[in-house]
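Trainee: What follows is input_12.cif; its format and atoms are mmCIF, C-alpha atoms.
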```cif
data_data
loop_
_atom_site.label_atom_id
_atom_site.label_comp_id
_atom_site.auth_asym_id
_atom_site.auth_seq_id
_atom_site.Cartn_x
_atom_site.Cartn_y
_atom_site.Cartn_z
CA MET A 1 24.91 21.56 3.67
CA ASN A 2 27.11 21.83 6.77
CA THR A 3 27.92 18.17 7.38
CA SER A 4 29.47 18.91 10.80
CA ILE A 5 25.99 19.58 12.20
CA LYS A 6 23.50 16.77 12.51
CA GLN A 7 20.18 17.83 11.03
CA THR A 8 17.00 16.47 12.57
CA LEU A 9 14.28 15.31 10.19
CA LEU A 10 10.69 14.09 10.45
CA ALA A 11 9.15 11.36 8.30
CA GLY A 12 5.60 10.08 8.24
CA ASP A 13 3.51 7.33 6.69
CA VAL A 14 -0.09 8.54 6.77
CA GLY A 15 -2.88 6.07 6.06
CA GLY A 16 -6.56 5.61 6.70
CA THR A 17 -5.92 3.18 9.55
CA LYS A 18 -2.59 4.22 11.04
CA THR A 19 -0.05 7.01 10.96
CA LEU A 20 3.62 6.25 11.64
CA LEU A 21 5.98 9.08 12.54
CA ARG A 22 9.76 8.91 12.81
CA LEU A 23 12.20 11.49 14.16
CA PHE A 24 15.76 10.90 13.00
CA GLU A 25 19.10 12.49 12.17
CA ALA A 26 20.23 12.85 8.58
CA GLY A 27 22.74 10.10 7.95
CA GLY A 28 22.26 8.90 11.51
CA GLY A 29 19.98 6.91 13.75
CA VAL A 30 16.33 7.03 14.75
CA LEU A 31 15.59 9.30 17.71
CA ALA A 32 11.94 8.34 18.19
CA GLU A 33 9.15 6.53 16.40
CA ARG A 34 5.44 6.12 17.19
CA ARG A 35 2.27 4.65 15.75
CA PHE A 36 -1.05 6.50 15.94
CA ASP A 37 -4.59 5.37 15.09
CA SER A 38 -5.48 7.86 12.36
CA ALA A 39 -9.23 7.90 13.00
CA SER A 40 -8.65 9.05 16.59
CA PHE A 41 -7.35 12.43 15.38
CA ALA A 42 -8.90 15.32 13.50
CA SER A 43 -5.81 16.16 11.44
CA LEU A 44 -2.19 15.31 10.74
CA GLU A 45 -1.21 18.48 12.62
CA GLN A 46 -2.88 17.09 15.73
CA VAL A 47 -0.98 13.81 15.39
CA ALA A 48 2.35 15.59 14.81
CA ALA A 49 1.78 17.88 17.78
CA GLY A 50 1.21 14.90 20.04
CA PHE A 51 4.46 13.39 18.82
CA LEU A 52 6.64 16.52 18.79
CA ASN A 53 5.45 17.84 22.17
CA ASP A 54 7.88 15.39 23.75
CA PHE A 55 10.73 17.30 22.05
CA PRO A 56 9.95 20.99 22.77
CA SER A 57 13.45 22.31 22.09
CA LEU A 58 14.02 20.38 18.87
CA SER A 59 14.52 22.22 15.58
CA LEU A 60 13.56 20.34 12.42
CA ALA A 61 15.37 20.89 9.11
CA ALA A 62 12.84 19.10 6.87
CA ALA A 63 9.91 16.70 6.85
CA CYS A 64 8.36 14.33 4.34
CA PHE A 65 5.02 12.56 4.63
CA GLY A 66 3.74 9.76 2.45
CA VAL A 67 -0.04 10.26 2.35
CA ALA A 68 -2.80 7.92 1.16
CA GLY A 69 -4.24 10.08 -1.58
CA PRO A 70 -3.28 12.19 -4.62
CA VAL A 71 -0.98 15.17 -3.95
CA GLU A 72 -1.55 18.36 -5.95
CA GLY A 73 0.22 21.65 -5.36
CA GLY A 74 1.51 20.56 -1.97
CA ARG A 75 -1.97 19.60 -0.76
CA ALA A 76 -3.73 16.28 -0.33
CA ASN A 77 -7.03 14.81 0.79
CA ILE A 78 -6.71 11.41 2.43
CA THR A 79 -8.83 8.97 0.44
CA ASN A 80 -10.16 6.96 3.37
CA LEU A 81 -9.95 9.66 6.07
CA PRO A 82 -11.50 13.17 6.38
CA TRP A 83 -8.13 14.95 6.54
CA ARG A 84 -6.85 17.72 4.29
CA ILE A 85 -3.08 18.08 4.51
CA ASP A 86 -1.13 21.14 3.35
CA GLU A 87 2.66 21.47 3.18
CA ALA A 88 2.60 25.20 3.93
CA SER A 89 0.35 24.81 6.98
CA ILE A 90 2.55 22.13 8.50
CA ALA A 91 5.70 24.14 7.77
CA ALA A 92 4.23 27.21 9.47
CA GLU A 93 2.79 25.44 12.50
CA PHE A 94 5.94 23.47 13.34
CA ARG A 95 8.50 25.92 11.94
CA ILE A 96 9.94 23.41 9.49
CA PRO A 97 11.83 25.11 6.61
CA GLN A 98 11.00 22.41 4.06
CA VAL A 99 8.00 20.09 4.04
CA ARG A 100 7.17 17.63 1.27
CA LEU A 101 4.03 15.58 0.71
CA ILE A 102 4.21 12.54 -1.55
CA ASN A 103 1.72 9.81 -2.36
CA ASP A 104 1.90 6.87 0.07
CA PHE A 105 2.84 4.37 -2.62
CA GLN A 106 5.41 6.77 -3.98
CA ALA A 107 6.88 6.55 -0.46
CA VAL A 108 6.64 2.74 -0.57
CA ALA A 109 8.49 2.78 -3.88
CA TYR A 110 11.31 4.91 -2.44
CA GLY A 111 11.47 2.56 0.52
CA ILE A 112 12.10 -0.49 -1.68
CA GLU A 113 15.76 0.51 -2.07
CA ALA A 114 16.15 0.63 1.71
CA LEU A 115 14.98 -2.96 2.22
CA GLU A 116 17.22 -5.89 3.08
CA SER A 117 16.82 -9.41 1.67
CA ARG A 118 15.05 -10.54 4.84
CA ASP A 119 12.36 -7.91 4.16
CA LEU A 120 11.27 -9.65 0.95
CA ALA A 121 9.69 -12.99 0.05
CA THR A 122 10.10 -13.98 -3.60
CA LEU A 123 7.11 -15.53 -5.36
CA GLN A 124 8.78 -15.57 -8.78
CA ALA A 125 12.50 -15.07 -9.40
CA GLY A 126 12.00 -14.24 -13.07
CA ALA A 127 14.79 -12.70 -15.13
CA PRO A 128 15.21 -9.18 -13.78
CA GLN A 129 16.52 -6.50 -16.11
CA GLU A 130 19.21 -4.28 -14.61
CA PHE A 131 17.82 -0.78 -14.01
CA GLY A 132 14.46 -1.98 -15.35
CA VAL A 133 11.24 -0.25 -14.35
CA ARG A 134 9.81 -1.51 -11.06
CA ALA A 135 6.18 -1.52 -9.96
CA VAL A 136 4.60 -1.53 -6.51
CA ILE A 137 1.06 -2.53 -5.57
CA GLY A 138 -0.45 -3.18 -2.19
CA ALA A 139 -3.81 -3.91 -0.62
CA GLY A 140 -4.59 -2.70 2.88
CA THR A 141 -7.20 -0.19 4.02
CA GLY A 142 -7.27 0.76 0.33
CA LEU A 143 -5.26 -0.27 -2.72
CA GLY A 144 -2.06 1.56 -3.68
CA GLU A 145 -0.06 1.47 -6.89
CA GLY A 146 3.09 3.16 -8.17
CA PHE A 147 6.21 2.63 -10.24
CA MET A 148 9.94 3.43 -10.24
CA VAL A 149 12.23 4.53 -13.07
CA TRP A 150 16.04 4.52 -12.88
CA GLN A 151 17.39 8.05 -13.23
CA GLY A 152 21.15 7.95 -13.00
CA GLY A 153 22.08 6.83 -9.52
CA TYR A 154 18.77 5.88 -7.91
CA TYR A 155 15.18 4.99 -8.67
CA ALA A 156 12.79 7.92 -8.93
CA ALA A 157 9.30 6.97 -7.78
CA PHE A 158 6.06 8.07 -9.39
CA PRO A 159 2.55 7.89 -7.95
CA SER A 160 -0.51 6.36 -9.56
CA GLU A 161 -4.22 6.21 -8.83
CA GLY A 162 -4.55 3.04 -10.91
CA SER A 163 -6.39 1.37 -8.06
CA HIS A 164 -9.45 3.42 -9.03
CA ALA A 165 -9.44 2.19 -12.62
CA ASP A 166 -12.31 -0.03 -13.79
CA PHE A 167 -12.34 -3.58 -12.47
CA ALA A 168 -11.98 -6.01 -15.41
CA PRO A 169 -13.46 -9.46 -14.66
CA THR A 170 -11.65 -12.43 -16.17
CA ASP A 171 -14.25 -15.21 -15.87
CA ALA A 172 -17.99 -15.79 -15.45
CA LEU A 173 -17.88 -15.61 -11.65
CA GLN A 174 -16.07 -12.27 -11.74
CA ILE A 175 -18.54 -10.92 -14.29
CA GLU A 176 -21.30 -11.79 -11.82
CA LEU A 177 -19.30 -10.12 -9.06
CA LEU A 178 -18.97 -6.94 -11.15
CA ARG A 179 -22.71 -6.81 -11.77
CA HIS A 180 -23.38 -7.35 -8.05
CA LEU A 181 -21.10 -4.50 -6.99
CA ALA A 182 -22.22 -2.18 -9.81
CA GLU A 183 -25.71 -2.26 -8.31
CA ARG A 184 -24.25 -1.02 -5.04
CA TYR A 185 -21.53 1.40 -6.15
CA GLY A 186 -22.15 2.26 -9.78
CA HIS A 187 -18.46 2.47 -10.68
CA VAL A 188 -16.51 -0.59 -9.55
CA SER A 189 -12.78 -0.04 -9.18
CA TYR A 190 -10.09 -2.52 -8.20
CA GLU A 191 -10.00 -0.93 -4.74
CA ARG A 192 -13.60 -2.08 -4.21
CA LEU A 193 -12.16 -5.61 -4.27
CA LEU A 194 -8.48 -5.42 -3.35
CA SER A 195 -8.60 -3.91 0.13
CA GLY A 196 -9.89 -4.81 3.57
CA PRO A 197 -13.41 -3.57 2.71
CA GLY A 198 -12.98 -5.20 -0.71
CA MET A 199 -12.43 -8.61 0.83
CA VAL A 200 -15.68 -8.13 2.74
CA ASN A 201 -17.40 -7.19 -0.54
CA ILE A 202 -16.23 -10.48 -2.08
CA PHE A 203 -17.33 -12.41 1.01
CA GLU A 204 -20.82 -10.88 0.94
CA PHE A 205 -21.17 -11.54 -2.79
CA LEU A 206 -20.32 -15.24 -2.40
CA ARG A 207 -22.57 -15.56 0.64
CA ASP A 208 -25.55 -13.92 -1.05
CA SER A 209 -25.16 -15.39 -4.55
CA ARG A 210 -24.01 -18.90 -3.69
CA GLY A 211 -26.00 -19.51 -0.54
CA GLN A 212 -22.87 -20.36 1.43
CA GLN A 213 -23.05 -19.67 5.12
CA ALA A 214 -20.18 -18.61 7.36
CA THR A 215 -19.48 -20.65 10.46
CA ALA A 216 -20.55 -19.25 13.81
CA LYS A 217 -16.88 -18.73 14.62
CA LEU A 218 -16.32 -16.53 11.57
CA GLN A 219 -19.53 -14.58 12.11
CA SER A 220 -18.49 -13.86 15.70
CA ALA A 221 -14.93 -12.88 14.70
CA MET A 222 -16.20 -10.53 11.99
CA LYS A 223 -18.59 -8.88 14.41
CA ASP A 224 -16.06 -8.45 17.21
CA GLY A 225 -12.99 -7.33 15.23
CA ASP A 226 -11.66 -6.50 11.77
CA PRO A 227 -13.94 -8.41 9.36
CA ALA A 228 -11.31 -8.77 6.63
CA ALA A 229 -8.70 -10.01 9.11
CA ALA A 230 -11.21 -12.54 10.44
CA ILE A 231 -11.94 -13.82 6.93
CA SER A 232 -8.27 -14.18 5.98
CA THR A 233 -7.31 -15.80 9.29
CA LEU A 234 -9.99 -18.49 9.11
CA ALA A 235 -9.35 -18.98 5.40
CA MET A 236 -5.64 -19.56 5.98
CA GLY A 237 -6.48 -22.09 8.66
CA GLY A 238 -9.00 -23.82 6.40
CA LYS A 239 -11.63 -23.46 9.11
CA ASP A 240 -14.41 -21.84 7.07
CA ALA A 241 -15.35 -22.85 3.52
CA LEU A 242 -16.83 -19.46 2.67
CA ALA A 243 -13.70 -17.69 3.91
CA VAL A 244 -11.55 -20.04 1.80
CA SER A 245 -13.63 -19.27 -1.31
CA THR A 246 -13.37 -15.54 -0.55
CA LEU A 247 -9.61 -15.60 -0.25
CA ASP A 248 -9.22 -17.72 -3.39
CA LEU A 249 -11.17 -15.16 -5.44
CA PHE A 250 -9.35 -12.26 -3.77
CA ALA A 251 -5.97 -13.80 -4.69
CA ARG A 252 -6.99 -14.35 -8.32
CA ILE A 253 -8.13 -10.75 -8.73
CA TYR A 254 -5.01 -9.49 -6.91
CA GLY A 255 -2.74 -11.46 -9.21
CA ALA A 256 -4.58 -10.27 -12.31
CA GLU A 257 -4.29 -6.59 -11.36
CA ALA A 258 -0.61 -6.98 -10.40
CA GLY A 259 -0.08 -8.43 -13.88
CA ASN A 260 -2.02 -5.54 -15.43
CA LEU A 261 0.25 -3.05 -13.70
CA ALA A 262 3.36 -4.98 -14.76
CA LEU A 263 2.25 -4.83 -18.39
CA LYS A 264 1.32 -1.15 -18.30
CA VAL A 265 4.75 0.00 -17.08
CA LEU A 266 6.77 -2.97 -18.43
CA ALA A 267 8.10 -3.72 -14.96
CA ARG A 268 11.12 -5.75 -16.05
CA GLY A 269 12.87 -4.75 -12.82
CA GLY A 270 10.21 -6.50 -10.75
CA VAL A 271 6.82 -6.15 -9.12
CA TYR A 272 6.70 -5.58 -5.36
CA ILE A 273 3.56 -6.56 -3.45
CA ALA A 274 3.31 -4.31 -0.40
CA GLY A 275 0.42 -3.34 1.89
CA GLY A 276 -0.80 -4.87 5.11
CA ILE A 277 -2.74 -7.82 3.70
CA ALA A 278 -0.05 -9.65 1.68
CA PRO A 279 2.19 -10.73 4.61
CA GLN A 280 -0.89 -12.13 6.37
CA ILE A 281 -1.85 -14.40 3.45
CA MET A 282 1.57 -15.61 2.32
CA GLY A 283 0.42 -19.23 2.11
CA LYS A 284 -2.28 -18.26 -0.36
CA LEU A 285 0.08 -16.06 -2.41
CA GLU A 286 2.56 -18.94 -2.60
CA ASP A 287 0.10 -21.68 -3.65
CA GLY A 288 0.22 -20.68 -7.34
CA GLU A 289 -3.23 -19.05 -7.66
CA PHE A 290 -1.84 -15.52 -7.56
CA LEU A 291 0.92 -16.18 -10.09
CA ARG A 292 -1.38 -18.02 -12.50
CA ALA A 293 -3.63 -14.96 -12.62
CA PHE A 294 -0.59 -12.67 -12.82
CA ALA A 295 0.70 -14.38 -15.99
CA ASP A 296 -2.68 -15.11 -17.60
CA LYS A 297 -2.27 -12.43 -20.29
CA GLY A 298 -2.59 -14.44 -23.49
CA ARG A 299 0.25 -13.66 -25.90
CA PHE A 300 2.19 -11.88 -23.14
CA ALA A 301 2.20 -14.74 -20.65
CA GLY A 302 5.88 -15.39 -21.39
CA LEU A 303 6.84 -11.80 -20.64
CA LEU A 304 4.98 -11.94 -17.30
CA GLY A 305 6.82 -15.14 -16.45
CA ASP A 306 10.14 -13.27 -16.71
CA ILE A 307 9.12 -10.49 -14.33
CA PRO A 308 10.27 -11.00 -10.72
CA VAL A 309 7.52 -10.83 -8.10
CA HIS A 310 8.34 -10.11 -4.45
CA VAL A 311 6.23 -9.62 -1.34
CA VAL A 312 7.33 -6.81 0.99
CA LEU A 313 7.36 -8.14 4.55
CA ASN A 314 8.55 -4.97 6.31
CA PRO A 315 5.46 -2.94 7.36
CA LYS A 316 7.55 0.23 7.66
CA VAL A 317 8.59 0.41 4.01
CA GLY A 318 6.50 3.57 3.41
CA LEU A 319 8.02 5.27 6.43
CA MET A 320 11.49 4.29 5.24
CA GLY A 321 10.76 5.80 1.83
CA ALA A 322 9.51 9.07 3.31
CA ALA A 323 12.68 9.22 5.42
CA ARG A 324 14.85 8.81 2.31
CA VAL A 325 13.04 11.69 0.61
CA ALA A 326 13.42 13.89 3.70
CA GLU A 327 17.17 13.26 3.66
CA ARG A 328 17.42 14.17 -0.02
CA ILE A 329 15.66 17.47 0.67
CA VAL A 330 18.52 18.70 2.85
CA VAL A 331 21.42 17.34 0.81
#
```
Would you encode the structure as structure tokens?
Mentor:
Amino acid sequence: MNTSIKQTLLAGDVGGTKTLLRLFEAGGGVLAERRFDSASFASLEQVAAGFLNDFPSLSLAAACFGVAGPVEGGRANITNLPWRIDEASIAAEFRIPQVRLINDFQAVAYGIEALESRDLATLQAGAPQEFGVRAVIGAGTGLGEGFMVWQGGYYAAFPSEGSHADFAPTDALQIELLRHLAERYGHVSYERLLSGPGMVNIFEFLRDSRGQQATAKLQSAMKDGDPAAAISTLAMGGKDALAVSTLDLFARIYGAEAGNLALKVLARGGVYIAGGIAPQIMGKLEDGEFLRAFADKGRFAGLLGDIPVHVVLNPKVGLMGAARVAERIVV
């Protein structure tokens, strides 16, 4: 690489709700950054065109996009959005020599190394193992999971679709919840519970099976805006008993699945809770319910107690990870 010439790169974090794009110089600063509502566009190309049209004379050296779905052969379908994304198509349309698609939580994992201490809230300090495997999990529009392995100089990130594995109830109430959702969906994955729509699923189950009624305030807020955000907001304020019960159950299931992931990859380097929901419910994550479920693994409870658990507070961690990958492409 000719280091005397600044190379311009494009990074993106593509999700079912929002798409973040960043234009920046390799080894340098950010030139531009914008947020787009994903559902308002027919494709990623349409979003990128709207962003890059402001820079008609700009030549891009490489681009990397973290996308919310599995990537195969340089192509991806967005899980919660009717988009099909193709590396070759983007490269041809925008004349970018090198384009890379990676899973969105693979991008989150790469972004972990770019975070500062202020970007993290520690739920459990644990006893981290140097260069130990790290795991990432995060609930938002959907549920993402991934892990990182040290490979001589930096952590290499690997994607996972573990969020679509079978939901495993841990008590009588959760068994009832599984039966309730199985009637609706057939297969019940963790994403059916640990996501914005998943929180609504839990809310509706408790309402219908326990006869609890939401307050008029919550009903109005759910109707007028994001239902999951309305539930979590009123739950955190203690202003609706049904919302409180919903968030309690959500946190227990979230902690249990985070512990499952930690066991499966032996995440002695730590578990990082990302996604849009966690920073909004910090009080609930810190009250002990989440960590009790995280460590409730019988003979392996002690091991789980030694694993650090952090909440990612920076909402741009996926974009930061995609940017790091874009830079590595041109080095």
Trainee: Determine, using all atoms listed in the file, which residues of range 159-277 of chain A have any atom at most 12 Å from an atom of range 14-36 of chain A, and tabulate each with its shortest atom pair and distance in Å to one decimal place, rows ordered by chain and then rising number, as a Markdown table.
Mentor:
```
| residue | atom | partner | partner_atom | distance |
| --- | --- | --- | --- | --- |
| A:Ser195 | CA | A:Gly16 | CA | 11.7 |
| A:Gly196 | CA | A:Thr17 | CA | 10.7 |
| A:Asp226 | CA | A:Thr17 | CA | 11.5 |
| A:Gly275 | CA | A:Gly15 | CA | 10.8 |
| A:Gly276 | CA | A:Thr17 | CA | 10.5 |
```
Trainee: Could you take the residues named above and write them with C-alpha atoms, as a compact mmCIF listing (two decimals), in the frame of the given file?
Mentor:
```txt
# COMPACT_ATOMS: atom_id res chain seq x y z
CA SER A 195 -8.60 -3.91 0.13
CA GLY A 196 -9.89 -4.81 3.57
CA ASP A 226 -11.66 -6.50 11.77
CA GLY A 275 0.42 -3.34 1.89
CA GLY A 276 -0.80 -4.87 5.11
```
Trainee: Determine the residue set returned by the PyMOL selection byres ((chain A and resi 101-108) around 9) for the present structure, and present it as a JSON list (two decimals) with C-alpha atoms, in the frame of the given file.
Mentor:
```json
[["chain", "number", "residue", "atom", "x", "y", "z"],
["A", 13, "ASP", "CA", 3.51, 7.33, 6.69],
["A", 14, "VAL", "CA", -0.09, 8.54, 6.77],
["A", 15, "GLY", "CA", -2.88, 6.07, 6.06],
["A", 63, "ALA", "CA", 9.91, 16.70, 6.85],
["A", 64, "CYS", "CA", 8.36, 14.33, 4.34],
["A", 65, "PHE", "CA", 5.02, 12.56, 4.63],
["A", 66, "GLY", "CA", 3.74, 9.76, 2.45],
["A", 67, "VAL", "CA", -0.04, 10.26, 2.35],
["A", 68, "ALA", "CA", -2.80, 7.92, 1.16],
["A", 69, "GLY", "CA", -4.24, 10.08, -1.58],
["A", 70, "PRO", "CA", -3.28, 12.19, -4.62],
["A", 71, "VAL", "CA", -0.98, 15.17, -3.95],
["A", 74, "GLY", "CA", 1.51, 20.56, -1.97],
["A", 75, "ARG", "CA", -1.97, 19.60, -0.76],
["A", 76, "ALA", "CA", -3.73, 16.28, -0.33],
["A", 85, "ILE", "CA", -3.08, 18.08, 4.51],
["A", 86, "ASP", "CA", -1.13, 21.14, 3.35],
["A", 87, "GLU", "CA", 2.66, 21.47, 3.18],
["A", 99, "VAL", "CA", 8.00, 20.09, 4.04],
["A", 100, "ARG", "CA", 7.17, 17.63, 1.27],
["A", 109, "ALA", "CA", 8.49, 2.78, -3.88],
["A", 110, "TYR", "CA", 11.31, 4.91, -2.44],
["A", 111, "GLY", "CA", 11.47, 2.56, 0.52],
["A", 112, "ILE", "CA", 12.10, -0.49, -1.68],
["A", 136, "VAL", "CA", 4.60, -1.53, -6.51],
["A", 137, "ILE", "CA", 1.06, -2.53, -5.57],
["A", 138, "GLY", "CA", -0.45, -3.18, -2.19],
["A", 144, "GLY", "CA", -2.06, 1.56, -3.68],
["A", 145, "GLU", "CA", -0.06, 1.47, -6.89],
["A", 146, "GLY", "CA", 3.09, 3.16, -8.17],
["A", 147, "PHE", "CA", 6.21, 2.63, -10.24],
["A", 148, "MET", "CA", 9.94, 3.43, -10.24],
["A", 156, "ALA", "CA", 12.79, 7.92, -8.93],
["A", 157, "ALA", "CA", 9.30, 6.97, -7.78],
["A", 158, "PHE", "CA", 6.06, 8.07, -9.39],
["A", 159, "PRO", "CA", 2.55, 7.89, -7.95],
["A", 160, "SER", "CA", -0.51, 6.36, -9.56],
["A", 274, "ALA", "CA", 3.31, -4.31, -0.40],
["A", 316, "LYS", "CA", 7.55, 0.23, 7.66],
["A", 317, "VAL", "CA", 8.59, 0.41, 4.01],
["A", 318, "GLY", "CA", 6.50, 3.57, 3.41],
["A", 319, "LEU", "CA", 8.02, 5.27, 6.43],
["A", 320, "MET", "CA", 11.49, 4.29, 5.24],
["A", 321, "GLY", "CA", 10.76, 5.80, 1.83],
["A", 322, "ALA", "CA", 9.51, 9.07, 3.31],
["A", 323, "ALA", "CA", 12.68, 9.22, 5.42],
["A", 324, "ARG", "CA", 14.85, 8.81, 2.31],
["A", 325, "VAL", "CA", 13.04, 11.69, 0.61]]
```
Trainee: Go through A:Ser57, A:Thr141, A:Thr215, A:Ser89 and flag the residue nearest Ala229 in chain A, using only C-alpha atoms for the distances.
Mentor: A:Thr141
Trainee: Using the chain letters and numbers from this file, what does the PyMOL selection byres ((chain A and resi 44) around 10) select? Give the answer as a PyMOL selection string.
Mentor: chain A and resi 12+14+19+38+41-43+45-50+65+83-86+90
Trainee: For range 114-122 of chain A, list every protein, DNA or RNA residue within 8 Å, evaluated using all atoms listed in the file, and leave out those in the same chain fewer than 5 positions away; present the list as a list in words.
Mentor: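 Close residues of range 114-122 of chain A: Pro308, Val309, His310, Val311, Val312, Leu313, Asn314, Val317, Met320 and Gly321 of chain A.
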Trainee: Looking at A:Val331, A:Val271, A:Ala256, A:Ala228, which one is nearest to Leu291 in chain A, with distances taken over all atoms listed in the file?
Mentor: A:Ala256
Trainee: CA of Ile253 in chain A and CA of Gln174 in chain A, how far apart in Å?
Mentor: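 These two atoms are separated by 8.6 Å.
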Trainee: Would you compute the distance between CA of Gly270 in chain A and CA of Ala165 in chain A? Give it in Å to one decimal.
Mentor: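 Calculated distance between CA of Gly270 in chain A and CA of Ala165 in chain A is 21.6 Å.
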Trainee: Do you know which residues are at most 8 Å from Ala61 in chain A counting all atoms listed in the file, after dropping those on the same chain fewer than 6 positions away, and could you put them as a ChimeraX atom specification?
Mentor: /A:7-9,96-98,330
